[in-house]
Amino acid sequence: MTYQLTCPCGQTFVESSEDELVEHVEAHLSSVHGRAYPRAAILTMATVVPD
Ligand SMILES: [Zn+2]
């Protein structure tokens with residue numbers, strides 16, 4: 001499985017696990033946007049691509 005998420009600012013994340021995606025997106029949102037979203041919200045925005 002591949003987990004993808006494109007931030008509204010254009011930054012795209014492509015990760016191999018939910019945990020990595022959430023970790024990297026949380027870090028991006030915090031450092032770039034000064035925002036925090038719950039894990040569930042991040043996963044709702046993510047696209048899961050089957051292998
Ligand atoms: Zn962003």
# chains A, B, ... in the order shown; residues from 1 in each chain; ligands from 1
call {"tool": "residues_near_ligand", "arguments": {"ligand": "ligand 1", "cutoff": "9 Å", "atoms": "only C-alpha atoms and all ligand atoms", "output": "list in words"}}
result
Thr6, Cys7, Pro8, Cys9, Gly10, Gln11, Thr12, Val25, His28, Leu29, Val32 and His33 of chain A
call {"tool": "write_last_selection", "arguments": {"atoms": "N, CA and C atoms", "output": "PDB file, in the first residue's frame"}}
result
ATOM      1  N   THR A   6      -1.704  15.296  -0.755  1.00  0.00           N
ATOM      2  CA  THR A   6      -1.200  16.562  -1.270  1.00  0.00           C
ATOM      3  C   THR A   6      -1.756  17.683  -0.422  1.00  0.00           C
ATOM      4  N   CYS A   7      -0.868  18.418   0.202  1.00  0.00           N
ATOM      5  CA  CYS A   7      -1.254  19.569   1.020  1.00  0.00           C
ATOM      6  C   CYS A   7      -1.814  20.662   0.102  1.00  0.00           C
ATOM      7  N   PRO A   8      -2.731  21.481   0.589  1.00  0.00           N
ATOM      8  CA  PRO A   8      -3.240  22.588  -0.228  1.00  0.00           C
ATOM      9  C   PRO A   8      -2.135  23.514  -0.739  1.00  0.00           C
ATOM     10  N   CYS A   9      -0.981  23.546  -0.112  1.00  0.00           N
ATOM     11  CA  CYS A   9       0.123  24.387  -0.581  1.00  0.00           C
ATOM     12  C   CYS A   9       0.887  23.745  -1.723  1.00  0.00           C
ATOM     13  N   GLY A  10       0.567  22.489  -2.051  1.00  0.00           N
ATOM     14  CA  GLY A  10       1.216  21.839  -3.185  1.00  0.00           C
ATOM     15  C   GLY A  10       2.226  20.775  -2.816  1.00  0.00           C
ATOM     16  N   GLN A  11       2.603  20.708  -1.558  1.00  0.00           N
ATOM     17  CA  GLN A  11       3.547  19.682  -1.106  1.00  0.00           C
ATOM     18  C   GLN A  11       2.867  18.319  -1.136  1.00  0.00           C
ATOM     19  N   THR A  12       3.509  17.356  -1.790  1.00  0.00           N
ATOM     20  CA  THR A  12       2.937  16.013  -1.877  1.00  0.00           C
ATOM     21  C   THR A  12       3.750  15.048  -1.028  1.00  0.00           C
ATOM     22  N   VAL A  25       3.254  14.464   7.643  1.00  0.00           N
ATOM     23  CA  VAL A  25       2.276  15.527   7.389  1.00  0.00           C
ATOM     24  C   VAL A  25       2.128  16.405   8.631  1.00  0.00           C
ATOM     25  N   HIS A  28       5.034  18.724   8.713  1.00  0.00           N
ATOM     26  CA  HIS A  28       4.893  19.761   7.682  1.00  0.00           C
ATOM     27  C   HIS A  28       3.870  20.811   8.110  1.00  0.00           C
ATOM     28  N   LEU A  29       2.705  20.359   8.557  1.00  0.00           N
ATOM     29  CA  LEU A  29       1.656  21.294   8.957  1.00  0.00           C
ATOM     30  C   LEU A  29       2.124  22.192  10.093  1.00  0.00           C
ATOM     31  N   VAL A  32       5.416  24.432   8.618  1.00  0.00           N
ATOM     32  CA  VAL A  32       5.156  25.324   7.492  1.00  0.00           C
ATOM     33  C   VAL A  32       3.909  26.160   7.707  1.00  0.00           C
ATOM     34  N   HIS A  33       2.875  25.552   8.279  1.00  0.00           N
ATOM     35  CA  HIS A  33       1.593  26.236   8.375  1.00  0.00           C
ATOM     36  C   HIS A  33       1.229  26.638   9.803  1.00  0.00           C
TER      37      HIS A  33
END
call {"tool": "residues_around", "arguments": {"residues": "Thr47 (chain A)", "least_positions_apart": "2", "cutoff": "8 Å", "atoms": "only C-alpha atoms", "output": "VMD selection string"}}
result
chain A and resid 3 to 5 45 49
call {"tool": "write_last_selection", "arguments": {"atoms": "N, CA and C atoms", "output": "compact mmCIF listing (two decimals), in the first residue's frame"}}
result
# COMPACT_ATOMS: atom_id res chain seq x y z
N TYR A 3 0.50 5.44 0.66
CA TYR A 3 -0.37 6.48 1.22
C TYR A 3 0.08 7.83 0.68
N GLN A 4 -0.83 8.52 0.00
CA GLN A 4 -0.49 9.79 -0.61
C GLN A 4 -1.37 10.90 -0.06
N LEU A 5 -0.78 12.07 0.07
CA LEU A 5 -1.55 13.24 0.49
C LEU A 5 -0.89 14.47 -0.13
N MET A 45 -7.91 12.78 4.57
CA MET A 45 -7.44 13.51 3.38
C MET A 45 -6.52 12.67 2.51
N VAL A 49 -3.26 3.94 -2.18
CA VAL A 49 -3.04 3.31 -3.48
C VAL A 49 -2.60 1.87 -3.26
call {"tool": "select_by_dssp", "arguments": {"residues": "chain A", "states": "strand (DSSP E or B)", "output": "list in words"}}
result
Thr2, Tyr3, Gln4, Leu5, Thr6, Thr12, Phe13, Val14, Glu15, Thr47, Val48 and Val49 of chain A
call {"tool": "write_last_selection", "arguments": {"atoms": "C-alpha atoms", "output": "compact mmCIF listing (two decimals), in the first residue's frame"}}
result
# COMPACT_ATOMS: atom_id res chain seq x y z
CA THR A 2 1.06 3.55 -0.69
CA TYR A 3 -0.37 6.48 1.22
CA GLN A 4 -0.49 9.79 -0.61
CA LEU A 5 -1.55 13.24 0.49
CA THR A 6 -1.20 16.56 -1.27
CA THR A 12 2.94 16.01 -1.88
CA PHE A 13 3.66 13.18 0.53
CA VAL A 14 4.05 9.58 -0.61
CA GLU A 15 4.63 7.12 2.22
CA THR A 47 -5.39 8.59 -0.76
CA VAL A 48 -4.55 4.91 -0.39
CA VAL A 49 -3.04 3.31 -3.48
call {"tool": "select_by_dssp", "arguments": {"residues": "chain A", "states": "helix (DSSP H, G or I)", "output": "CSV table (one decimal) with N, CA and C atoms, in the first residue's frame"}}
result
chain,number,residue,atom,x,y,z
A,18,GLU,N,0.7,4.3,7.1
A,18,GLU,CA,-0.1,5.4,7.7
A,18,GLU,C,0.7,6.2,8.7
A,19,ASP,N,1.5,5.4,9.6
A,19,ASP,CA,2.2,6.1,10.6
A,19,ASP,C,3.2,7.1,10.0
A,20,GLU,N,3.9,6.7,9.0
A,20,GLU,CA,4.9,7.6,8.3
A,20,GLU,C,4.2,8.8,7.7
A,21,LEU,N,3.0,8.6,7.1
A,21,LEU,CA,2.3,9.7,6.5
A,21,LEU,C,1.9,10.7,7.5
A,22,VAL,N,1.3,10.2,8.6
A,22,VAL,CA,0.8,11.1,9.6
A,22,VAL,C,2.0,11.8,10.3
A,23,GLU,N,3.1,11.1,10.5
A,23,GLU,CA,4.2,11.8,11.1
A,23,GLU,C,4.8,12.9,10.2
A,24,HIS,N,4.9,12.6,9.0
A,24,HIS,CA,5.5,13.6,8.1
A,24,HIS,C,4.5,14.8,7.8
A,25,VAL,N,3.3,14.5,7.6
A,25,VAL,CA,2.3,15.5,7.4
A,25,VAL,C,2.1,16.4,8.6
A,26,GLU,N,2.1,15.8,9.8
A,26,GLU,CA,2.0,16.6,11.0
A,26,GLU,C,3.2,17.5,11.1
A,27,ALA,N,4.4,17.0,10.8
A,27,ALA,CA,5.6,17.9,10.9
A,27,ALA,C,5.5,19.0,9.9
A,28,HIS,N,5.0,18.7,8.7
A,28,HIS,CA,4.9,19.8,7.7
A,28,HIS,C,3.9,20.8,8.1
A,29,LEU,N,2.7,20.4,8.6
A,29,LEU,CA,1.7,21.3,9.0
A,29,LEU,C,2.1,22.2,10.1
A,30,SER,N,2.8,21.6,11.0
A,30,SER,CA,3.3,22.3,12.2
A,30,SER,C,4.4,23.4,11.8
A,31,SER,N,5.4,22.9,11.0
A,31,SER,CA,6.5,23.8,10.7
A,31,SER,C,6.2,24.8,9.6
A,32,VAL,N,5.4,24.4,8.6
A,32,VAL,CA,5.2,25.3,7.5
A,32,VAL,C,3.9,26.2,7.7
A,33,HIS,N,2.9,25.6,8.3
A,33,HIS,CA,1.6,26.2,8.4
A,33,HIS,C,1.2,26.6,9.8
A,39,ARG,N,-4.9,13.0,13.8
A,39,ARG,CA,-4.5,11.9,12.9
A,39,ARG,C,-5.7,11.5,12.0
A,40,ALA,N,-6.9,11.4,12.5
A,40,ALA,CA,-8.1,11.0,11.8
A,40,ALA,C,-8.3,11.9,10.6
A,41,ALA,N,-8.1,13.2,10.8
A,41,ALA,CA,-8.3,14.2,9.8
A,41,ALA,C,-7.3,14.0,8.7
A,42,ILE,N,-6.1,13.8,9.0
A,42,ILE,CA,-5.0,13.6,8.1
A,42,ILE,C,-5.3,12.3,7.2
A,43,LEU,N,-5.7,11.3,7.9
A,43,LEU,CA,-6.0,10.0,7.1
A,43,LEU,C,-7.2,10.2,6.2
A,44,THR,N,-8.2,11.0,6.6
A,44,THR,CA,-9.3,11.3,5.8
A,44,THR,C,-8.9,11.9,4.5
A,45,MET,N,-7.9,12.8,4.6
A,45,MET,CA,-7.4,13.5,3.4
A,45,MET,C,-6.5,12.7,2.5
